[in-house]
Number of protein chains: 4
Amino acid sequence: MIIMKSEATREEIANVVKEIKKYGLKADVSQGEFRTVIGLIGDERNIEFSHFATLPGVKEAMPVETPYKLISKEYSKRFDEEGEIRQIKVGNITIGGDDLIFIAGPCTIENKPQLFRIAKEVKKAGAHILRGGIFKPRSSVHSFQGLGANGREEAEEALSWLHEAGRKFEMPVVTEVRGETQIDLVAEYADIMQIGARNMYNQDLLANVARKGKPILFKRHFGSGVDEFLSFAEYLAAEGNKDIILCERGILPVGKGKNYTRYTFDLAAIPAIQKETYLPILADPSHATGRRDLIFNMSCAAIAAGASGLMIETHYNPSEALVDAMQMITPEELKEVINACQRIHKLITR
Amino acid sequence: MIIMKSEATREEIANVVKEIKKYGLKADVSQGEFRTVIGLIGDERNIEFSHFATLPGVKEAMPVETPYKLISKEYSKRFDEEGEIRQIKVGNITIGGDDLIFIAGPCTIENKPQLFRIAKEVKKAGAHILRGGIFKPRSSVHSFQGLGANGREEAEEALSWLHEAGRKFEMPVVTEVRGETQIDLVAEYADIMQIGARNMYNQDLLANVARKGKPILFKRHFGSGVDEFLSFAEYLAAEGNKDIILCERGILPVGKGKNYTRYTFDLAAIPAIQKETYLPILADPSHATGRRDLIFNMSCAAIAAGASGLMIETHYNPSEALVDAMQMITPEELKEVINACQRIHKLITR
Amino acid sequence: MIIMKSEATREEIANVVKEIKKYGLKADVSQGEFRTVIGLIGDERNIEFSHFATLPGVKEAMPVETPYKLISKEYSKRFDEEGEIRQIKVGNITIGGDDLIFIAGPCTIENKPQLFRIAKEVKKAGAHILRGGIFKPRSSVHSFQGLGANGREEAEEALSWLHEAGRKFEMPVVTEVRGETQIDLVAEYADIMQIGARNMYNQDLLANVARKGKPILFKRHFGSGVDEFLSFAEYLAAEGNKDIILCERGILPVGKGKNYTRYTFDLAAIPAIQKETYLPILADPSHATGRRDLIFNMSCAAIAAGASGLMIETHYNPSEALVDAMQMITPEELKEVINACQRIHKLITR
Amino acid sequence: MIIMKSEATREEIANVVKEIKKYGLKADVSQGEFRTVIGLIGDERNIEFSHFATLPGVKEAMPVETPYKLISKEYSKRFDEEGEIRQIKVGNITIGGDDLIFIAGPCTIENKPQLFRIAKEVKKAGAHILRGGIFKPRSSVHSFQGLGANGREEAEEALSWLHEAGRKFEMPVVTEVRGETQIDLVAEYADIMQIGARNMYNQDLLANVARKGKPILFKRHFGSGVDEFLSFAEYLAAEGNKDIILCERGILPVGKGKNYTRYTFDLAAIPAIQKETYLPILADPSHATGRRDLIFNMSCAAIAAGASGLMIETHYNPSEALVDAMQMITPEELKEVINACQRIHKLITR
């Protein structure tokens with residue numbers, strides 16, 4: 001849609017119409033009391049609206065359509081075939097089905113016994129999928145970057161532990177692939193490949209991970225609005241891979257003075273997103289809040305908001321952990337969370 | 001606490017210590033490997049830290065204590081006497097007690113029959129307190145500003161309807177007082193005086209409303225962090241009025257691209273605030289999301305997060321309303337919300 | 001403009017058209033390939049777009065016009081009569097004219113000798129208008145609130161000093177009016193009445209200050225976008241007072257990790273605003289940055305961006321000041337700032 | 001530094017001290033009136049503060065030191081040897097020296113004649129370095145992604161044009177490397193390798209680009225605070241490459257209502273950053289504002305703020321461009337910008 005300035009001349013309006021036709025679209029000119037608005041009839045997708053904004057007499061030029069189509073409920077009729085939420089199967093687990101899915105495990109894999117003990121305990125607590133970080137994105141180059149930082153061999157060893165723990169305790173496993181050179185390696189061992197929040201905008205990584213054909217856990221960047229998050233999920237779908245599990249994990253806090261959580265957990269984005277797309281969406285209260293004392297409440301809240309499951313960092317002794325100790329809960333606490341969440345889920349879905 | 005630059009000289013450190021003593025405090029000098037940190041021992045409250053930040057050799061100067069004391073759990077021992085949450089009684093309703101409290105009613109009072117019909121229906125749906133706007137804060141001077149804009153007489157008439165509806169349907173009533181000249185009038189008719197989000201920083205209004213001695217519904221500004229919200233609640237408490245009901249109603253959205261809600265509903269702020277203060281906190285999903293299709297989920301989520309109740313805009317025919325039609329639900333929908341919320345509340349408090 | 005859902009039926013479209021006609025406007029229906037867009041022809045100003053958004057089949061409803069008209073260059077033809085920027089005269093000073101205007105003085109008036117010494121020195125440094133805070137908005141109720149907090153008598157005394165200093169050193173004076181009860185008093189002594197950032201949304205204060213008919217220094221709220229800032233300036237203009245001096249003073253910082261300034265100085269808003277309105281706009285680098293070591297650069301930058309002048313907090317001995325010591329510069333530094341700014345202004349306006 | 005809760009016991013304090021010693025540091029316990037603060041003496045760098053925050057009795061745990069050391073003026077003594085700003089030489093151009101550096105060229109390279117014509121014209125206008133996008137990061141997968149999207153051959157061809165144009169018109173060239181697989185190719189043809197804003201957090205890309213040993217143009221992410229921006233520049237420096245040219249290009253807009261620029265141009269970050277690090281910093285008014293009508297003012301403002309140069313998108317006929325037409329200026333306008341900036345630079349550096 002193109003909004004003309006009030007002082008735009010007839011020639012300027014005619015010129016915009018001519019330009020629209022160049023793109024193979026039709027123009028609908030609507031003469032208002034104060035200004036003229038020109039609608040575009042046809043496929044807007046390949047239009048560069050910034051081009052129109054530079055034409056003489058134009059005040060504003062903007063698309064009316066959303067930029068994501070393949071993953072959109074409105075555009076695709078896909079959800080008619082499959083229901084409101086796409087069901088993504090991994091092993092014998094279904095994400096987006098009737099049951100909530102809980103992903104649990106340590107923030108970072110430190111050694112084999114640590115991982116196996118946690119795997120065993122989260123399985124017992126009711127978790128469905130095992131997580132564990134190997135390639136860690138950290139704010140400071142001087143912090144521990146995960147075992148993946150110690151070279152390919154150690155990375156592969158850690159990945160093999162994760163895989164083994166998953167098989168042993170009967171849980172599919174997920175871990176983050178942080179850079180393009182790690183894709184093949186991670187794809188070999190992980191059942192679900194995670195693209196972390198900091199990489200949401202990394203379209204080369206997105207395309208290459210998607211091509212592996214495995215389910216992807218795709219986290220929202222802390223600086224991304226909802227429509228950008230979905231636009232980048234579209235990069236994955238454009239490679240023919242629609243096994244995309246979205247994840248809300250907190251956005252940038254804003255406000256004078258301090259907030260008391262690490263990020264702002266944008267829970268209203270969950271039902272808002274679920275109205276736009278058939279892709280299932282999970283929530284990650286650990287990273288969103290950064291506070292273990294808020295995990296119980298915020299897990300329940302995320303499920304009440306409509307999430308299809310949760311990703312929760314868990315450790316038998318959080319204060320011993322090398323990374324993100326502050327946000328991990330124990331397997332006993334996890335059990336309580338899962339129990340409360342399942343009851344809330346039943347209650348709101350009836 | 002004062003952090004010195006690494007190149008600070010002995011004289012500069014000695015000078016800071018001297019300045020601290022002027023305020024009647026003691027200094028604790030801690031010589032680190034790279035820099036010196038000076039702690040303040042005594043009551044920091046009257047210290048202007050920006051003064052210290054200008055002294056030669058100083059890198060940073062900041063308080064260690066929170067700026068709110070009267071409403072703080074840690075400072076006051078008040079919560080020991082009364083439990084975790086202060087119980088505020090209005091008529092035969094208790095806010096902050098075992099039961100959730102639901103405030104409902106139209107965004108704006110348009111006429112007497114509209115108000116009475118809504119009052120009757122929200123009461124039947126299970127609401128405890130009746131709301132209705134008379135002095136409306138609007139972004140455009142050209143929009144409808146509520147009946148309060150038509151002069152004192154009409155304002156008083158609308159207030160008397162609200163009062164009458166409250167008595168008739170046995171609900172205490174709450175309405176916003178937007179400016180200082182409205183305080184006496186509103187205090188005459190309202191059981192709870194609301195200070196809206198846009199006025200959170202209006203300390204003159206705060207002090208004068210607090211002096212009326214009535215319970216206050218105090219909403220967080222959309223540009224305020226949690227600690228600033230509590231610091232301004234302290235302005236109310238400083239007048240000797242601790243019947244303060246906090247309310248989270250959404251903060252500024254942030255992120256590239258669009259978000260699909262009017263504000264970001266900061267639900268994690270609810271348990272975070274409840275750990276800091278004994279004041280009860282409610283949530284307002286109507287303003288936070290601006291979308292009636294999200295009210296059910298986000299109401300449930302707010303209660304799961306730990307809110308003591310909700311404020312929900314309700315209208316028998318939302319699309320007829322003059323203001324904020326988009327965010328109002330019907331009394332029938334309200335009933336479902338209340339029912340689900342009460343069951344979630346029971347579940348998480350056990 | 002109303003955007004329909006792709007699945008909207010003919011009946012739903014017809015219904016929207018019918019509703020538009022109720023408001024006395026005409027509808028222009030534009031049938032796109034994928035969805036229908038309905039334009040409104042007539043005066044949109046009294047339309048509640050949220051009403052339309054609730055109608056069945058509607059995806060989005062939004063105004064095409066800006067909400068500020070009286071102060072808009074495009075709507076009013078006022079600027080044709082007066083040039084690009086409205087010239088506001090106060091005493092023998094013109095704001096918005098060919099010369100830059102510098103407002104200087106202490107953050108807070110502490111006593112008469114302090115004020116007079118600063119007034120004398122800033123005048124000598126080249127300042128045109130004297131500032132000094134009496135009613136201070138502070139984040140903590142436990143901080144010094146200015147002499148205005150000590151009762152009407154002390155407030156009036158401080159105001160009379162300001163007035164006297166202005167006369168003695170031949171500078172119009174400006175001070176903030178923080179609450180409605182201070183309006184008459186401040187209007188008696190101040191040549192320009194300042195509405196502070198925290199009060200930008202306080203429409204009762206705005207209307208009542210505007211009615212005094214004096215020039216108003218109107219600061220942008222740190223949580224306000226540009227169009228909301230202008231919409232609230234419209235509240236002033238709606239009272240018939242167009243002697244409005246806008247002021248950019250920093251918005252909320254955003255971003256993971258720390259920023260090193262108190263607010264984000266939104267300098268691009270200055271030329272952007274000047275393209276929309278004929279009202280002159282100043283900048284306040286003191287509050288925006290909170291750092292005296294950045295004042296020189298950021299003053300020059302604000303003038304290069306197109307500001308009509310600056311407001312700079314000045315003190316002969318910043319580290320002695322009770323409030324905001326960290327952001328004040330000395331009169332000697334002010335002189336350098338003024339000198340550099342005037343040369344840059346000449347250079348960019350040629 | 002570790003801040004204890006007011007109710008912390010002696011045992012809890014002793015336990016924190018014990019933990020600190022485990023890391024090989026000393027603890028300095030400062031007993032305040034209300035609470036205890038424990039300072040860490042030694043190298044904080046390897047401490048996980050989140051670990052301490054989980055210990056019983058701890059209220060808050062945070063580093064006192066900045067996370068960037070190698071690029072810090074305070075830590076390194078480097079700037080003593082080289083002056084305030086590191087001089088980075090590329091061909092016969094010096095960035096960070098006495099003269100401003102202007103990088104200009106099209107947003108996106110579309111074909112050889114377009115590039116050569118622009119190169120010739122920007123050189124004549126006074127530009128020093130030629131830019132041109134080949135691998136474009138775009139928000140929508142359905143938009144034009146640059147010639148780099150058409151396979152390795154076309155990418156290499158476009159790179160060779162850029163290289164050739166640089167040699168012909170005697171300007172070093174810069175282009176963005178968007179993904180890890182493009183590094184070798186880009187390194188072969190570009191004199192400076194650009195890491196775009198969306199990739200600021202992509203530490204794998206950072207490390208691998210830095211290892212090429214070429215100068216890097218490193219842009220701030222729109223969701224990053226200043227200290228995070230510098231912490232990620234540290235990832236580059238940690239690979240032994242300190243030829244890092246920082247670039248401010250706008251951060252996320254924040255505020256109720258609309259802003260009238262694409263991003264918020266955070267100009268005060270420029271002098272704030274230059275006080276922290278010796279790395280030179282440029283500004284990009286094209287991306288920051290997204291509006292060609294603001295480029296002149298905001299370029300002047302960026303230089304007044306202290307930038308060492310600018311990156312400006314230029315096109316002989318902006319409205320013809322396929323990408324970002326709205327923000328490009330013509331070579332004639334560029335000449336005016338360069339001229340005004342150089343005069344302002346001279347004026348503020350004297």
# chains A, B, ... in the order shown; residues from 1 in each chain; ligands from 1
call {"tool": "interface_residues", "arguments": {"of": "chain C", "to": "chain D", "cutoff": "10 Å", "atoms": "only C-alpha atoms", "output": "VMD selection string"}}
result
chain C and resid 221 to 229 231 251 to 261 263 to 273 275 to 276 285 288 to 289 291 293 to 306 337 340 to 341 343 to 345 347 to 348
call {"tool": "residues_around", "arguments": {"residues": "segment 200-203 of chain A", "least_positions_apart": "5", "cutoff": "10 Å", "atoms": "only C-alpha atoms", "output": "PyMOL selection string"}}
result
(chain A and resi 178-180+195+208-209+218-224+228-229+231-233+235-236) or (chain D and resi 136-139+141+178-179+197-199+201-202)
call {"tool": "write_last_selection", "arguments": {"atoms": "N, CA and C atoms", "output": "CSV table (one decimal), in the first residue's frame"}}
result
chain,number,residue,atom,x,y,z
A,178,ARG,N,26.2,-24.2,16.8
A,178,ARG,CA,26.5,-22.7,16.9
A,178,ARG,C,27.1,-22.1,15.6
A,179,GLY,N,27.8,-23.0,14.9
A,179,GLY,CA,28.4,-22.4,13.7
A,179,GLY,C,28.3,-23.4,12.5
A,180,GLU,N,28.5,-23.0,11.3
A,180,GLU,CA,28.3,-23.8,10.1
A,180,GLU,C,29.2,-25.0,10.1
A,195,ILE,N,18.9,-24.2,17.0
A,195,ILE,CA,19.6,-22.9,16.6
A,195,ILE,C,19.3,-21.9,17.7
A,208,ASN,N,21.6,-24.1,6.0
A,208,ASN,CA,22.3,-25.3,6.0
A,208,ASN,C,21.9,-26.3,7.1
A,209,VAL,N,21.4,-25.8,8.2
A,209,VAL,CA,20.8,-26.8,9.2
A,209,VAL,C,19.6,-27.4,8.6
A,218,PHE,N,14.1,-23.9,17.2
A,218,PHE,CA,14.5,-22.6,16.7
A,218,PHE,C,14.1,-21.5,17.7
A,219,LYS,N,15.1,-20.9,18.3
A,219,LYS,CA,14.8,-19.9,19.4
A,219,LYS,C,14.7,-18.5,18.9
A,220,ARG,N,13.8,-17.7,19.5
A,220,ARG,CA,13.6,-16.3,19.1
A,220,ARG,C,14.8,-15.5,19.6
A,221,HIS,N,15.3,-14.6,18.8
A,221,HIS,CA,16.4,-13.7,19.2
A,221,HIS,C,15.8,-12.7,20.3
A,222,PHE,N,16.6,-12.3,21.2
A,222,PHE,CA,16.1,-11.4,22.2
A,222,PHE,C,15.9,-10.0,21.7
A,223,GLY,N,16.3,-9.7,20.5
A,223,GLY,CA,16.0,-8.4,19.9
A,223,GLY,C,15.0,-8.5,18.7
A,224,SER,N,14.3,-9.6,18.6
A,224,SER,CA,13.4,-9.8,17.5
A,224,SER,C,11.9,-9.6,17.9
A,228,GLU,N,9.4,-10.9,12.8
A,228,GLU,CA,10.7,-11.2,12.3
A,228,GLU,C,11.1,-12.6,12.7
A,229,PHE,N,10.7,-13.0,13.9
A,229,PHE,CA,11.0,-14.4,14.3
A,229,PHE,C,10.3,-15.4,13.3
A,231,SER,N,9.5,-14.6,10.2
A,231,SER,CA,10.1,-14.5,8.9
A,231,SER,C,11.4,-15.3,8.8
A,232,PHE,N,12.1,-15.4,9.9
A,232,PHE,CA,13.3,-16.2,9.8
A,232,PHE,C,13.0,-17.7,9.9
A,233,ALA,N,11.9,-18.1,10.6
A,233,ALA,CA,11.5,-19.5,10.5
A,233,ALA,C,11.2,-19.9,9.1
A,235,TYR,N,12.9,-19.0,6.5
A,235,TYR,CA,14.1,-19.4,5.9
A,235,TYR,C,14.3,-20.9,6.0
A,236,LEU,N,13.9,-21.4,7.2
A,236,LEU,CA,14.0,-22.9,7.4
A,236,LEU,C,13.1,-23.6,6.5
D,136,LYS,N,23.8,-10.5,1.0
D,136,LYS,CA,23.0,-9.5,1.7
D,136,LYS,C,22.1,-10.3,2.8
D,137,PRO,N,22.2,-9.8,4.0
D,137,PRO,CA,21.3,-10.3,5.0
D,137,PRO,C,19.9,-9.6,4.9
D,138,ARG,N,18.9,-10.4,4.7
D,138,ARG,CA,17.5,-9.8,4.5
D,138,ARG,C,16.5,-10.4,5.4
D,139,SER,N,15.6,-9.6,5.8
D,139,SER,CA,14.6,-10.1,6.7
D,139,SER,C,13.6,-11.1,6.1
D,141,VAL,N,13.0,-14.2,3.3
D,141,VAL,CA,13.7,-15.1,2.4
D,141,VAL,C,13.2,-14.9,1.0
D,178,ARG,N,28.9,-13.0,5.2
D,178,ARG,CA,27.7,-13.2,6.0
D,178,ARG,C,27.8,-14.6,6.7
D,179,GLY,N,28.5,-15.6,6.1
D,179,GLY,CA,28.5,-16.9,6.6
D,179,GLY,C,29.9,-17.5,6.6
D,197,ALA,N,25.8,-6.3,11.4
D,197,ALA,CA,25.2,-6.2,12.7
D,197,ALA,C,24.5,-7.5,13.1
D,198,ARG,N,23.8,-8.2,12.2
D,198,ARG,CA,23.1,-9.4,12.6
D,198,ARG,C,24.1,-10.5,13.0
D,199,ASN,N,25.3,-10.4,12.6
D,199,ASN,CA,26.3,-11.4,13.0
D,199,ASN,C,27.2,-11.1,14.1
D,201,TYR,N,26.9,-11.4,17.2
D,201,TYR,CA,27.0,-12.4,18.2
D,201,TYR,C,27.5,-13.8,17.7
D,202,ASN,N,27.8,-13.8,16.4
D,202,ASN,CA,28.2,-15.1,15.8
D,202,ASN,C,29.7,-15.4,16.0
call {"tool": "select_by_dssp", "arguments": {"residues": "segment 66-300 of chain C", "states": "strand (DSSP E or B)", "output": "PyMOL selection string"}}
result
chain C and resi 72+88-90+93-95+101-105+108+129-131+133+173-176+192-195+216-219+224+244-248+251+256+264+266+277+281-283
call {"tool": "residues_around", "arguments": {"residues": "Glu12 of chain B", "least_positions_apart": "2", "cutoff": "9 Å", "atoms": "only C-alpha atoms", "output": "compact mmCIF listing (two decimals) with N, CA, C and O atoms, in the first residue's frame"}}
result
# COMPACT_ATOMS: atom_id res chain seq x y z
N MET B 4 37.04 2.66 42.01
CA MET B 4 38.06 3.61 41.55
C MET B 4 38.64 3.16 40.19
O MET B 4 38.64 1.97 39.88
N ALA B 8 43.91 5.36 39.67
CA ALA B 8 43.63 6.30 40.77
C ALA B 8 44.82 6.36 41.72
O ALA B 8 45.42 5.34 42.05
N THR B 9 45.13 7.56 42.19
CA THR B 9 46.27 7.73 43.10
C THR B 9 45.81 7.56 44.55
O THR B 9 44.63 7.59 44.86
N ARG B 10 46.78 7.42 45.43
CA ARG B 10 46.48 7.35 46.87
C ARG B 10 45.72 8.58 47.35
O ARG B 10 44.84 8.49 48.20
N ALA B 14 42.14 8.70 49.18
CA ALA B 14 42.00 9.36 50.48
C ALA B 14 40.93 10.45 50.43
O ALA B 14 40.16 10.63 51.38
N ASN B 15 40.85 11.12 49.31
CA ASN B 15 39.86 12.18 49.16
C ASN B 15 38.44 11.63 49.16
O ASN B 15 37.53 12.20 49.77
N VAL B 16 38.24 10.49 48.50
CA VAL B 16 36.91 9.87 48.50
C VAL B 16 36.53 9.47 49.93
O VAL B 16 35.40 9.71 50.38
N VAL B 17 37.47 8.89 50.65
CA VAL B 17 37.22 8.49 52.03
C VAL B 17 36.81 9.70 52.86
O VAL B 17 35.85 9.66 53.65
N LEU B 55 34.12 12.83 41.56
CA LEU B 55 35.41 13.05 42.23
C LEU B 55 36.55 12.46 41.39
O LEU B 55 36.36 11.46 40.70
N PRO B 56 37.71 13.07 41.46
CA PRO B 56 38.83 12.57 40.65
C PRO B 56 39.19 11.13 40.99
O PRO B 56 39.20 10.75 42.17
N GLY B 57 39.45 10.32 39.98
CA GLY B 57 39.89 8.94 40.17
C GLY B 57 38.75 7.94 40.30
O GLY B 57 38.97 6.75 40.36
N VAL B 58 37.50 8.45 40.34
CA VAL B 58 36.36 7.54 40.52
C VAL B 58 35.87 7.04 39.16
O VAL B 58 35.70 7.82 38.24
call {"tool": "residues_around", "arguments": {"residues": "Met326 of chain B", "least_positions_apart": "5", "cutoff": "8 Å", "atoms": "only C-alpha atoms", "output": "ChimeraX atom specification"}}
result
/B:290-292,318-319 /C:50-51,53-54
call {"tool": "write_last_selection", "arguments": {"atoms": "N, CA and C atoms", "output": "JSON list (two decimals), in the first residue's frame"}}
result
[["chain", "number", "residue", "atom", "x", "y", "z"],
["B", 290, "GLY", "N", -4.14, -5.95, 24.59],
["B", 290, "GLY", "CA", -4.96, -5.22, 23.63],
["B", 290, "GLY", "C", -5.74, -6.14, 22.69],
["B", 291, "ARG", "N", -5.80, -7.43, 23.03],
["B", 291, "ARG", "CA", -6.46, -8.40, 22.14],
["B", 291, "ARG", "C", -7.37, -9.33, 22.92],
["B", 292, "ARG", "N", -8.66, -9.22, 22.64],
["B", 292, "ARG", "CA", -9.61, -10.06, 23.36],
["B", 292, "ARG", "C", -9.38, -11.54, 23.13],
["B", 318, "PRO", "N", -18.76, -5.82, 22.99],
["B", 318, "PRO", "CA", -17.51, -5.06, 22.84],
["B", 318, "PRO", "C", -17.46, -4.16, 21.61],
["B", 319, "SER", "N", -17.99, -4.63, 20.49],
["B", 319, "SER", "CA", -17.77, -3.84, 19.27],
["B", 319, "SER", "C", -18.61, -2.57, 19.27],
["C", 50, "SER", "N", -10.20, 0.81, 16.92],
["C", 50, "SER", "CA", -10.27, -0.46, 17.65],
["C", 50, "SER", "C", -11.67, -1.05, 17.52],
["C", 51, "HIS", "N", -12.65, -0.19, 17.30],
["C", 51, "HIS", "CA", -14.01, -0.69, 17.06],
["C", 51, "HIS", "C", -14.04, -1.54, 15.79],
["C", 53, "ALA", "N", -11.64, -3.06, 14.37],
["C", 53, "ALA", "CA", -10.82, -4.27, 14.48],
["C", 53, "ALA", "C", -11.57, -5.43, 15.09],
["C", 54, "THR", "N", -12.68, -5.15, 15.77],
["C", 54, "THR", "CA", -13.44, -6.24, 16.40],
["C", 54, "THR", "C", -14.54, -6.79, 15.48]]
call {"tool": "select_by_dssp", "arguments": {"residues": "segment 9-211 of chain A", "states": "alpha helix (DSSP H)", "output": "JSON, numbers by chain"}}
result
{"A": [10, 11, 12, 13, 14, 15, 16, 17, 18, 19, 20, 21, 22, 49, 50, 51, 52, 53, 78, 79, 80, 81, 82, 112, 113, 114, 115, 116, 117, 118, 119, 120, 121, 122, 123, 124, 125, 152, 153, 154, 155, 156, 157, 158, 159, 160, 161, 162, 163, 164, 165, 166, 167, 168, 183, 184, 185, 186, 187, 188, 189, 203, 204, 205, 206, 207, 208, 209, 210]}
call {"tool": "residues_around", "arguments": {"residues": "Leu130 of chain A", "least_positions_apart": "4", "cutoff": "8 Å", "atoms": "only C-alpha atoms", "output": "ChimeraX atom specification"}}
result
/A:103-105,119,166,171-174
call {"tool": "atom_distance", "arguments": {"atom1": "atom CA of Gln274 of chain B", "atom2": "atom CA of Glu74 of chain B"}}
result
11.7 Å
call {"tool": "residues_around", "arguments": {"residues": "Ala158 of chain B", "least_positions_apart": "6", "cutoff": "12 Å", "atoms": "only C-alpha atoms", "output": "list in words"}}
result
Thr108, Ile109, Glu110, Asn111, Lys112, Pro113, Gln114, Leu115, Phe116, Gly132, Gly133, Ile134, Phe135, Gly146, Leu147, Gly148, Ala149, Asn150, Gly151, Arg152, Glu164, Ala165, Thr175, Leu185, Val186, Tyr189 and Ala190 of chain B
call {"tool": "atom_distance", "arguments": {"atom1": "atom CA of Asn241 of chain B", "atom2": "atom CA of Ser140 of chain C"}}
result
16.7 Å
call {"tool": "decode", "arguments": {"residues": "segment 138-152 of chain A", "atoms": "N, CA and C atoms", "output": "PDB file, in the first residue's frame"}}
result
ATOM      1  N   ARG A 138      28.758 -17.578  24.450  1.00  0.00           N
ATOM      2  CA  ARG A 138      28.973 -16.816  25.690  1.00  0.00           C
ATOM      3  C   ARG A 138      29.281 -15.358  25.370  1.00  0.00           C
ATOM      4  N   SER A 139      28.929 -14.487  26.296  1.00  0.00           N
ATOM      5  CA  SER A 139      29.160 -13.057  26.066  1.00  0.00           C
ATOM      6  C   SER A 139      30.623 -12.675  26.170  1.00  0.00           C
ATOM      7  N   SER A 140      31.376 -13.438  26.944  1.00  0.00           N
ATOM      8  CA  SER A 140      32.781 -13.093  27.095  1.00  0.00           C
ATOM      9  C   SER A 140      33.673 -14.207  26.565  1.00  0.00           C
ATOM     10  N   VAL A 141      34.636 -13.839  25.760  1.00  0.00           N
ATOM     11  CA  VAL A 141      35.573 -14.811  25.208  1.00  0.00           C
ATOM     12  C   VAL A 141      36.407 -15.449  26.317  1.00  0.00           C
ATOM     13  N   HIS A 142      36.416 -14.808  27.485  1.00  0.00           N
ATOM     14  CA  HIS A 142      37.210 -15.326  28.591  1.00  0.00           C
ATOM     15  C   HIS A 142      36.441 -16.328  29.451  1.00  0.00           C
ATOM     16  N   SER A 143      35.162 -16.597  29.138  1.00  0.00           N
ATOM     17  CA  SER A 143      34.355 -17.573  29.887  1.00  0.00           C
ATOM     18  C   SER A 143      34.458 -18.967  29.265  1.00  0.00           C
ATOM     19  N   PHE A 144      34.049 -19.969  30.030  1.00  0.00           N
ATOM     20  CA  PHE A 144      34.037 -21.348  29.553  1.00  0.00           C
ATOM     21  C   PHE A 144      33.041 -21.493  28.397  1.00  0.00           C
ATOM     22  N   GLN A 145      33.521 -22.000  27.256  1.00  0.00           N
ATOM     23  CA  GLN A 145      32.706 -22.043  26.043  1.00  0.00           C
ATOM     24  C   GLN A 145      32.130 -23.433  25.757  1.00  0.00           C
ATOM     25  N   GLY A 146      32.191 -24.322  26.714  1.00  0.00           N
ATOM     26  CA  GLY A 146      31.700 -25.687  26.489  1.00  0.00           C
ATOM     27  C   GLY A 146      32.825 -26.575  25.976  1.00  0.00           C
ATOM     28  N   LEU A 147      32.588 -27.893  26.042  1.00  0.00           N
ATOM     29  CA  LEU A 147      33.623 -28.832  25.613  1.00  0.00           C
ATOM     30  C   LEU A 147      33.895 -28.721  24.120  1.00  0.00           C
ATOM     31  N   GLY A 148      32.923 -28.208  23.367  1.00  0.00           N
ATOM     32  CA  GLY A 148      33.098 -28.028  21.929  1.00  0.00           C
ATOM     33  C   GLY A 148      34.252 -27.103  21.588  1.00  0.00           C
ATOM     34  N   ALA A 149      34.658 -26.304  22.549  1.00  0.00           N
ATOM     35  CA  ALA A 149      35.749 -25.352  22.300  1.00  0.00           C
ATOM     36  C   ALA A 149      37.119 -26.009  22.331  1.00  0.00           C
ATOM     37  N   ASN A 150      37.156 -27.259  22.802  1.00  0.00           N
ATOM     38  CA  ASN A 150      38.454 -27.928  22.947  1.00  0.00           C
ATOM     39  C   ASN A 150      38.866 -28.738  21.724  1.00  0.00           C
ATOM     40  N   GLY A 151      38.280 -28.443  20.615  1.00  0.00           N
ATOM     41  CA  GLY A 151      38.678 -29.155  19.394  1.00  0.00           C
ATOM     42  C   GLY A 151      37.667 -30.222  19.010  1.00  0.00           C
ATOM     43  N   ARG A 152      37.772 -30.665  17.762  1.00  0.00           N
ATOM     44  CA  ARG A 152      36.804 -31.575  17.194  1.00  0.00           C
ATOM     45  C   ARG A 152      36.681 -32.886  17.965  1.00  0.00           C
TER      46      ARG A 152
END
